[in-house]
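Text of the file target_33.txt, holding compact mmCIF, C-alpha atoms:
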```
# COMPACT_ATOMS: atom_id res chain seq x y z
CA MET A 1 -142.68 53.16 70.91
CA ARG A 2 -145.18 55.88 71.64
CA ARG A 3 -145.55 56.76 67.97
CA PHE A 4 -146.75 53.22 67.18
CA VAL A 5 -149.42 53.39 69.90
CA LEU A 6 -150.58 56.74 68.54
CA PHE A 7 -150.64 55.30 65.02
CA ALA A 8 -152.77 52.35 66.09
CA ILE A 9 -155.22 54.59 67.98
CA ALA A 10 -155.42 57.05 65.07
CA ALA A 11 -156.06 54.20 62.64
CA ALA A 12 -158.82 52.87 64.86
CA MET A 13 -160.49 56.31 65.09
CA THR A 14 -160.27 56.78 61.33
CA LEU A 15 -161.85 53.41 60.66
CA CYS A 16 -164.59 54.14 63.20
CA LEU A 17 -165.50 57.31 61.33
CA ALA A 18 -165.33 55.50 58.01
CA ALA A 19 -167.80 52.92 59.28
CA ASP A 20 -170.62 55.44 58.98
CA ARG A 21 -170.17 55.81 55.24
CA ASP A 22 -172.06 53.86 52.61
CA TRP A 23 -169.66 50.93 52.34
CA ALA A 24 -170.58 47.39 51.38
CA GLN A 25 -172.63 45.40 53.89
CA ASN A 26 -171.16 42.66 56.10
CA ASN A 27 -167.72 44.27 56.18
CA GLU A 28 -166.18 45.05 59.53
CA VAL A 29 -163.25 46.47 61.43
CA ASN A 30 -162.01 44.99 64.69
CA VAL A 31 -159.99 47.06 67.16
CA GLN A 32 -158.53 45.25 70.17
CA PHE A 33 -156.19 46.01 73.05
CA HIS A 34 -154.39 43.22 74.91
CA THR A 35 -152.42 43.43 78.15
CA PHE A 36 -150.09 40.66 79.29
CA GLU A 37 -148.10 39.99 82.45
CA ASP A 38 -146.11 36.92 83.43
CA THR A 39 -143.87 35.50 86.14
CA ARG A 40 -140.83 37.26 84.64
CA SER A 41 -142.53 40.60 85.45
CA ALA A 42 -142.75 41.28 81.73
CA THR A 43 -145.67 43.50 80.77
CA ILE A 44 -146.99 43.83 77.23
CA LEU A 45 -149.52 46.20 75.66
CA SER A 46 -150.79 45.13 72.22
CA PRO A 47 -153.22 47.30 70.27
CA THR A 48 -154.36 45.69 66.98
CA VAL A 49 -156.53 46.85 64.07
CA ASP A 50 -158.07 44.37 61.61
CA LEU A 51 -160.10 45.50 58.58
CA GLU A 52 -162.10 43.29 56.21
CA LYS A 53 -163.83 44.85 53.19
CA ASP A 54 -165.61 43.53 50.10
CA PHE A 55 -165.02 45.65 47.02
CA THR A 56 -167.26 43.49 44.82
CA ASP A 57 -169.15 40.23 45.29
CA ARG A 58 -165.94 38.47 44.18
CA THR A 59 -163.08 40.53 45.60
CA SER A 60 -162.32 41.27 49.25
CA LEU A 61 -159.41 42.86 51.07
CA ARG A 62 -158.05 42.24 54.56
CA VAL A 63 -155.58 44.54 56.31
CA ASN A 64 -154.21 44.18 59.83
CA PHE A 65 -151.77 46.11 61.97
CA GLY A 66 -150.53 45.36 65.46
CA VAL A 67 -148.06 46.62 68.04
CA ASP A 68 -146.49 44.92 71.06
CA LEU A 69 -144.91 47.23 73.62
CA ILE A 70 -142.79 45.11 75.95
CA SER A 71 -141.50 46.46 79.23
CA ALA A 72 -139.49 44.97 82.10
CA ALA A 73 -137.89 41.54 81.62
CA SER A 74 -138.72 40.66 78.04
CA ASP A 75 -138.07 37.10 76.85
CA SER A 76 -135.41 38.22 74.39
CA CYS A 77 -133.28 39.90 77.03
CA ALA A 78 -134.12 38.26 80.36
CA ARG A 79 -130.71 36.56 80.45
CA CYS A 80 -128.65 39.38 78.88
CA HIS A 81 -130.06 42.19 81.03
CA ARG A 82 -130.85 41.26 84.59
CA ASN A 83 -133.44 44.01 84.88
CA GLY A 84 -134.78 43.49 81.38
CA VAL A 85 -135.18 46.03 78.60
CA SER A 86 -138.10 47.74 76.96
CA SER A 87 -138.72 46.83 73.34
CA SER A 88 -141.44 46.90 70.71
CA HIS A 89 -142.84 44.68 67.99
CA GLU A 90 -144.79 46.09 65.06
CA SER A 91 -146.51 43.86 62.51
CA GLY A 92 -148.77 44.34 59.53
CA GLY A 93 -150.34 42.25 56.82
CA LEU A 94 -152.42 42.55 53.66
CA SER A 95 -154.24 39.90 51.65
CA VAL A 96 -156.65 39.91 48.71
CA THR A 97 -159.24 37.19 48.13
CA GLU A 98 -160.86 36.50 44.76
CA LYS A 99 -163.89 34.25 44.39
CA PHE A 100 -164.62 32.15 41.30
CA GLY A 101 -167.88 30.40 42.08
CA ASP A 102 -167.08 27.71 44.65
CA LEU A 103 -163.35 28.45 44.39
CA LYS A 104 -161.65 31.09 46.53
CA VAL A 105 -158.02 32.18 46.04
CA THR A 106 -156.11 34.33 48.52
CA ALA A 107 -152.69 35.96 48.12
CA GLY A 108 -150.90 38.35 50.43
CA GLY A 109 -147.97 39.11 52.65
CA ALA A 110 -146.94 40.18 56.13
CA TYR A 111 -144.09 42.11 57.69
CA SER A 112 -143.00 42.38 61.30
CA GLN A 113 -140.20 44.28 62.98
CA GLU A 114 -139.02 44.12 66.56
CA THR A 115 -135.94 45.21 68.43
CA PHE A 116 -133.90 42.11 67.66
CA TYR A 117 -135.86 40.39 64.87
CA ARG A 118 -137.39 41.05 61.44
CA ALA A 119 -139.68 38.80 59.38
CA THR A 120 -141.06 39.11 55.85
CA THR A 121 -143.71 36.61 54.69
CA ALA A 122 -145.46 35.80 51.41
CA LEU A 123 -148.53 33.57 51.52
CA GLY A 124 -151.25 32.07 49.38
CA SER A 125 -154.20 29.73 49.84
CA VAL A 126 -156.97 28.04 47.86
CA THR A 127 -160.39 26.99 49.16
CA ARG A 128 -163.01 24.99 47.26
CA ASN A 129 -166.57 24.11 48.30
CA PHE A 130 -168.22 20.86 47.22
CA ALA A 131 -171.65 19.25 47.71
CA ASN A 132 -173.51 22.57 47.97
CA GLY A 133 -171.08 23.88 50.55
CA ASN A 134 -171.29 20.85 52.85
CA THR A 135 -167.66 19.95 52.12
CA THR A 136 -164.77 22.42 52.01
CA VAL A 137 -161.23 21.57 50.95
CA ALA A 138 -158.51 24.13 51.70
CA GLY A 139 -154.77 24.35 51.27
CA GLY A 140 -152.09 27.00 51.55
CA TYR A 141 -148.39 27.80 51.59
CA SER A 142 -146.27 30.53 53.12
CA PHE A 143 -142.58 31.42 52.98
CA SER A 144 -140.80 33.68 55.45
CA LEU A 145 -137.38 35.27 55.42
CA ASN A 146 -136.44 36.05 59.02
CA ARG A 147 -133.48 38.12 60.20
CA PRO A 148 -132.62 37.49 63.88
CA GLU A 149 -130.02 39.79 65.41
CA LEU A 150 -127.08 38.28 67.33
CA HIS A 151 -127.67 40.48 70.37
CA PRO A 152 -125.63 42.07 71.91
CA LEU A 153 -123.80 42.22 68.57
CA ARG A 154 -125.35 44.26 65.77
CA GLU A 155 -124.91 41.42 63.27
CA SER A 156 -127.89 39.57 61.73
CA ARG A 157 -128.36 36.10 60.25
CA ASN A 158 -130.84 34.58 57.81
CA GLN A 159 -133.54 32.12 58.78
CA TYR A 160 -135.88 30.51 56.22
CA ALA A 161 -139.31 29.14 57.06
CA SER A 162 -141.71 27.26 54.77
CA ASP A 163 -145.18 26.18 55.85
CA ALA A 164 -147.81 24.19 53.95
CA TYR A 165 -151.20 23.01 55.17
CA GLY A 166 -154.32 21.23 53.99
CA SER A 167 -157.73 20.66 55.58
CA ILE A 168 -161.13 19.13 54.90
CA THR A 169 -164.21 20.54 56.63
CA GLN A 170 -167.36 18.45 56.51
CA THR A 171 -170.95 19.07 57.60
CA LEU A 172 -171.76 15.82 59.41
CA THR A 173 -175.32 16.57 60.48
CA ARG A 174 -177.56 19.63 60.60
CA THR A 175 -175.94 20.54 63.93
CA THR A 176 -172.42 19.10 63.64
CA ILE A 177 -169.34 20.18 61.69
CA GLY A 178 -166.01 18.35 61.69
CA GLN A 179 -162.57 19.19 60.31
CA VAL A 180 -159.28 17.35 59.88
CA GLY A 181 -156.04 19.09 58.95
CA TYR A 182 -152.37 18.47 58.35
CA GLU A 183 -149.48 20.95 58.42
CA LEU A 184 -145.86 20.54 57.36
CA ALA A 185 -143.28 23.19 58.22
CA HIS A 186 -139.53 23.41 57.68
CA VAL A 187 -137.18 25.96 59.20
CA SER A 188 -133.50 26.27 58.31
CA GLY A 189 -130.60 28.68 58.67
CA TYR A 190 -129.70 30.34 61.94
CA LEU A 191 -131.86 28.70 64.65
CA ASP A 192 -129.79 29.43 67.75
CA ASN A 193 -131.22 31.72 70.42
CA PRO A 194 -128.55 34.35 71.18
CA PHE A 195 -130.44 35.61 74.25
CA LEU A 196 -130.61 32.45 76.38
CA ARG A 197 -127.65 30.78 78.08
CA ALA A 198 -127.19 27.10 78.95
CA ASP A 199 -125.25 25.82 81.96
CA VAL A 200 -122.29 23.86 80.53
CA ASN A 201 -119.92 22.68 83.27
CA GLY A 202 -120.93 25.65 85.39
CA VAL A 203 -120.33 28.18 82.60
CA MET A 204 -123.28 30.04 81.05
CA MET A 205 -122.92 29.69 77.28
CA VAL A 206 -125.08 30.69 74.30
CA GLY A 207 -126.85 27.53 73.15
CA HIS A 208 -126.28 25.80 69.83
CA VAL A 209 -129.01 23.77 68.10
CA PRO A 210 -129.31 22.00 64.70
CA ASP A 211 -129.57 24.33 61.70
CA ALA A 212 -132.76 22.71 60.37
CA ARG A 213 -136.07 21.61 61.86
CA THR A 214 -139.05 19.88 60.27
CA ARG A 215 -142.41 20.08 62.04
CA GLN A 216 -145.63 18.15 61.44
CA THR A 217 -149.06 18.74 62.94
CA ILE A 218 -152.28 16.74 62.71
CA SER A 219 -155.48 18.36 63.98
CA VAL A 220 -159.10 17.30 64.45
CA ARG A 221 -161.90 19.76 65.25
CA LEU A 222 -165.57 19.34 66.09
CA ARG A 223 -168.30 21.98 66.39
CA GLN A 224 -171.66 20.93 67.82
CA ALA A 225 -174.81 23.01 68.19
CA LEU A 226 -176.77 22.20 71.37
CA PRO A 227 -180.28 23.20 72.47
CA ALA A 228 -180.98 26.62 74.00
CA ASP A 229 -178.53 28.62 71.86
CA THR A 230 -175.52 26.73 73.15
CA PHE A 231 -172.53 25.56 71.12
CA LEU A 232 -169.78 23.09 71.97
CA GLU A 233 -166.29 22.98 70.46
CA ALA A 234 -163.65 20.29 70.84
CA ASP A 235 -160.16 20.28 69.31
CA TYR A 236 -157.24 17.87 69.38
CA ARG A 237 -153.78 18.53 67.97
CA ARG A 238 -150.83 16.16 67.68
CA TYR A 239 -147.41 17.69 66.97
CA PHE A 240 -144.03 16.06 66.28
CA ASP A 241 -140.71 17.16 64.81
CA ASP A 242 -137.25 15.82 64.05
CA TRP A 243 -135.89 17.30 67.28
CA GLN A 244 -137.96 14.53 68.93
CA ILE A 245 -140.43 16.93 70.51
CA ARG A 246 -143.87 15.35 70.77
CA SER A 247 -146.89 17.24 72.03
CA ASN A 248 -150.63 16.84 72.55
CA ALA A 249 -153.16 19.64 72.92
CA VAL A 250 -156.81 19.18 73.86
CA ASN A 251 -159.24 22.11 73.86
CA LEU A 252 -162.83 22.05 75.12
CA GLY A 253 -165.13 25.07 75.03
CA VAL A 254 -168.76 26.08 75.29
CA THR A 255 -170.57 29.21 74.09
CA HIS A 256 -174.03 30.31 75.19
CA HIS A 257 -176.23 33.15 73.94
CA PHE A 258 -177.99 34.41 77.05
CA THR A 259 -179.90 37.14 75.18
CA PRO A 260 -179.62 38.77 71.72
CA VAL A 261 -177.39 41.32 73.46
CA LEU A 262 -175.18 39.10 75.63
CA SER A 263 -173.24 35.92 74.93
CA GLY A 264 -170.44 34.26 76.84
CA SER A 265 -167.95 31.45 76.37
CA ALA A 266 -165.52 29.46 78.47
CA SER A 267 -162.79 27.09 77.37
CA TYR A 268 -159.96 24.99 78.76
CA ARG A 269 -156.84 23.80 76.94
CA TRP A 270 -154.51 21.09 78.24
CA TYR A 271 -151.06 20.76 76.67
CA ASP A 272 -148.07 18.54 77.22
CA GLN A 273 -144.79 18.04 75.37
CA SER A 274 -141.61 16.02 75.56
CA GLY A 275 -138.23 17.74 75.42
CA ALA A 276 -135.84 18.03 72.50
CA TYR A 277 -133.41 15.12 72.33
CA PHE A 278 -130.48 17.39 73.25
CA PHE A 279 -132.20 19.28 76.10
CA GLN A 280 -130.82 18.95 79.64
CA PRO A 281 -131.30 21.20 82.69
CA LEU A 282 -127.49 21.45 82.79
CA TYR A 283 -124.64 19.88 80.86
CA ALA A 284 -121.64 18.16 82.44
CA GLY A 285 -118.57 16.59 80.86
CA PRO A 286 -117.34 17.27 77.32
CA VAL A 287 -119.14 20.14 75.56
CA PRO A 288 -121.89 18.47 73.49
CA GLN A 289 -122.53 19.24 69.84
CA PHE A 290 -125.98 20.64 70.66
CA PHE A 291 -127.14 22.25 73.90
CA THR A 292 -129.77 24.81 74.84
CA GLY A 293 -131.14 26.93 77.65
CA ASP A 294 -134.45 27.54 75.87
CA PHE A 295 -137.31 26.62 78.21
CA ARG A 296 -139.58 26.07 75.18
CA LEU A 297 -137.54 22.97 74.33
CA GLU A 298 -137.91 21.34 77.75
CA PRO A 299 -140.64 18.84 78.72
CA PHE A 300 -143.61 20.48 80.44
CA THR A 301 -147.38 20.43 80.88
CA SER A 302 -149.62 23.49 80.86
CA SER A 303 -153.23 24.61 81.25
CA LEU A 304 -154.97 27.60 79.68
CA TYR A 305 -158.28 28.90 81.08
CA THR A 306 -160.28 31.39 78.99
CA GLY A 307 -163.44 33.36 79.66
CA LYS A 308 -165.01 35.65 77.05
CA VAL A 309 -168.05 37.95 76.95
CA LEU A 310 -169.55 39.51 73.80
CA ILE A 311 -171.95 42.43 74.19
CA THR A 312 -173.94 43.65 71.18
CA PRO A 313 -175.94 46.69 72.32
CA PRO A 314 -179.28 47.29 70.58
CA GLY A 315 -179.48 50.40 68.43
CA ARG A 316 -176.74 52.99 68.19
CA ILE A 317 -174.58 53.77 71.20
CA LEU A 318 -171.95 56.51 71.31
CA SER A 319 -172.47 57.12 67.55
CA LEU A 320 -171.25 53.61 66.74
CA PRO A 321 -172.93 51.74 63.85
CA HIS A 322 -175.85 49.43 64.58
CA GLY A 323 -174.60 45.90 65.21
CA SER A 324 -171.31 46.93 66.83
CA GLY A 325 -170.02 44.57 69.49
CA LEU A 326 -167.80 44.83 72.55
CA THR A 327 -165.59 41.88 73.50
CA LEU A 328 -163.99 41.28 76.91
CA GLN A 329 -161.68 38.30 77.41
CA TYR A 330 -159.46 36.97 80.20
CA ASP A 331 -156.87 34.19 79.84
CA ARG A 332 -154.91 32.49 82.60
CA TYR A 333 -151.92 30.33 81.66
CA VAL A 334 -150.20 27.98 84.14
CA ALA A 335 -147.33 25.55 83.41
CA ASP A 336 -145.59 23.04 85.67
CA ASN A 337 -142.20 24.60 84.90
CA GLY A 338 -143.13 27.59 87.05
CA PHE A 339 -144.23 29.90 84.23
CA GLN A 340 -147.54 31.71 84.60
CA ALA A 341 -149.21 34.49 82.65
CA ALA A 342 -152.39 36.56 82.72
CA ILE A 343 -153.87 38.19 79.61
CA PHE A 344 -156.75 40.64 79.45
CA SER A 345 -158.22 41.68 76.08
CA ALA A 346 -160.85 44.26 75.17
CA GLY A 347 -162.05 44.91 71.65
CA ILE A 348 -164.76 46.46 69.54
CA ARG A 349 -166.23 45.18 66.27
CA LEU A 350 -167.63 47.77 63.86
CA PRO A 351 -169.74 46.60 60.89
CA LEU A 352 -168.93 48.80 57.91
CA GLY A 353 -171.89 50.13 55.99
CA ALA A 354 -174.32 49.75 58.88
CA LYS A 355 -176.62 52.67 59.68
```

Mind converting the file's structure to structure tokens?
Amino acid sequence: MRRFVLFAIAAAMTLCLAADRDWAQNNEVNVQFHTFEDTRSATILSPTVDLEKDFTDRTSLRVNFGVDLISAASDSCARCHRNGVSSSHESGGLSVTEKFGDLKVTAGGAYSQETFYRATTALGSVTRNFANGNTTVAGGYSFSLNRPELHPLRESRNQYASDAYGSITQTLTRTTIGQVGYELAHVSGYLDNPFLRADVNGVMMVGHVPDARTRQTISVRLRQALPADTFLEADYRRYFDDWQIRSNAVNLGVTHHFTPVLSGSASYRWYDQSGAYFFQPLYAGPVPQFFTGDFRLEPFTSSLYTGKVLITPPGRILSLPHGSGLTLQYDRYVADNGFQAAIFSAGIRLPLGAK
């Protein structure tokens, strides 16, 4: 795992040095480090590097790389190993965007590898502006081939995931922007979780779920500029699938620019969901066709509290390009099923080409 941390740090340092060169304006690199700890005593360190660069006024490239280093009782092994195991998750992606007037086309892919799981994804999207940019219509599609491992066996199975989305973003007034979106996803193949056990007549058994799942999501977003450099955001998302899970998510947030150097934001998200039609805390009687011990399929309600500070120092500091920014963020997650988590993130934004 150490080599992946060193790679991420080395990549960040290289990109920091490259930022001083005469690259195109308005390009940037973001380097962030996230730490995570939850009620299972799992701890996660996640360094990420995200680079965006324009090669011409029509063509741009985006590259990202991330690492999760998981120690203690990781989710994938909390039930198999009482004391947990250490594992890692490395992911990377690359996409190219080409502009044709008001039309923008993006194509790319992503790859992720972790101790018991591998995913390969191809994706594409199209965005078109209308009415002098006041209306934007976007759509995209992705396909993933996933290979979960049947831990503790060394065998793997195939899982196929398709995801399509569409959205319309509209400028409503000079200070208000709204968006509506729809997403349709289908997953098939091996969907069981080999790491979690369900209580069936007092015996802990690996769960068995349907081999296909269709998900649908409807979202509405609103962004409102307020007086005194303050901005309000409000989101609502409705989710439903053919496992009879229904969920609602409401997010409210506010951002305020205190000075040209300092801005801060705070947000709150409320979420609730029903359980899958085959979920039970324990199963008694004849062994059912479908059963699960996955807590993500049970009914629950949760709250997420987020605070974020962005600092943009004037001039050059520590040889960083002018316009660089430092981000500090804290998230607190609490659910009524007893699960809690705390996440702290720190990152730096480096504008490429700045002097």

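For A:Tyr165, the list of residues within 12 Å, based on all atoms listed in the file and with local chain neighbours fewer than 3 positions off taken out, reads A:Leu123, A:Gly124, A:Ser125, A:Val126, A:Thr127, A:Val137, A:Ala138, A:Gly139, A:Gly140, A:Tyr141, A:Ser142, A:Ser162, A:Ile168, A:Val180, A:Gly181, A:Tyr182, A:Glu183, A:Leu184, A:Ala185, A:His186, A:Arg215, A:Gln216, A:Thr217, A:Ile218, A:Ser219.
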
Given all atoms listed in the file, how would the per-residue table for stretch 146-219 of chain A near stretch 271-287 of chain A read, listing every residue at most 8 Å away with its closest atom pair and distance in Å to one decimal, sorted by chain and number, as a Markdown table?
```
| residue | atom | partner | partner_atom | distance |
| --- | --- | --- | --- | --- |
| A:Ala198 | CA | A:Leu282 | CA | 6.8 |
| A:Asp199 | CA | A:Leu282 | CA | 5.0 |
| A:Val200 | CA | A:Tyr283 | CA | 4.6 |
| A:Asn201 | CA | A:Ala284 | CA | 4.9 |
```

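Between atom CA of A:Glu233 and atom CA of A:His256 lies a distance of 11.7 Å.
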
Residues within 12 Å of stretch 243-252 of chain A, only C-alpha atoms, excluding chain neighbours under 2 positions, as a ChimeraX atom specification: /A:186-187,209-224,231-241,254-255,265-279,290,296-306

So that all listed atoms of stretch 98-106 of chain A fit with 4 Å spare on each side, what axis-aligned box centre and edge lengths in Å, to one decimal, would you give as lines of an AutoDock Vina configuration file?
```
center_x = -162.0
center_y = 32.1
center_z = 44.9
size_x = 19.8
size_y = 16.8
size_z = 15.2
```

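Here atom CA of A:Gly101 is placed at a distance of 15.6 Å from atom CA of A:Asp54.
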
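Of note, atom CA of A:Gln329 and atom CA of A:Ser345 are spaced 5.0 Å apart.
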
Nearby residues (only C-alpha atoms) at most 8 Å from stretch 151-153 of chain A, same-chain spacing under 2 positions excluded, as a PyMOL selection string: chain A and resi 116+149+155+194-195

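Of the residues under consideration (A:Pro314, A:Gly66, A:Gly338, A:Gly293), A:Gly293 shows the shortest atom-to-atom contact distance to A:Val206 when counting all atoms listed in the file.
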
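Candidate residues A:Glu114, A:Ser188, A:Asn64, A:Leu103 were compared for distance to A:Phe143, and the nearest is A:Ser188, using only C-alpha atoms.
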
Close residues, A:Ala110 itself excluded, 10 Å, all atoms listed in the file, min 2 positions apart in chain, as a VMD selection string: chain A and resid 63 to 65 91 to 95 108 112 119 to 123 144

Report as an mmCIF file with C-alpha atoms, keeping the file's coordinate frame all protein, DNA and RNA residues lying within 10 Å of A:Arg197, evaluated on only C-alpha atoms, omitting residues in the same chain fewer than 6 positions from it.
```cif
data_model
loop_
_atom_site.group_PDB
_atom_site.id
_atom_site.type_symbol
_atom_site.label_atom_id
_atom_site.label_comp_id
_atom_site.auth_asym_id
_atom_site.auth_seq_id
_atom_site.Cartn_x
_atom_site.Cartn_y
_atom_site.Cartn_z
ATOM 1 C CA ARG A 79 -130.710 36.560 80.450
ATOM 2 C CA CYS A 80 -128.650 39.380 78.880
ATOM 3 C CA VAL A 203 -120.330 28.180 82.600
ATOM 4 C CA MET A 204 -123.280 30.040 81.050
ATOM 5 C CA MET A 205 -122.920 29.690 77.280
ATOM 6 C CA VAL A 206 -125.080 30.690 74.300
ATOM 7 C CA GLY A 207 -126.850 27.530 73.150
ATOM 8 C CA HIS A 208 -126.280 25.800 69.830
ATOM 9 C CA PHE A 291 -127.140 22.250 73.900
ATOM 10 C CA THR A 292 -129.770 24.810 74.840
ATOM 11 C CA GLY A 293 -131.140 26.930 77.650
ATOM 12 C CA ASP A 294 -134.450 27.540 75.870
#
```

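Each of A:Arg349, A:Tyr111, A:Asp50, A:Lys99 was checked against A:Gly323 using all atoms listed in the file; the smallest atom-to-atom distance is that of A:Arg349.
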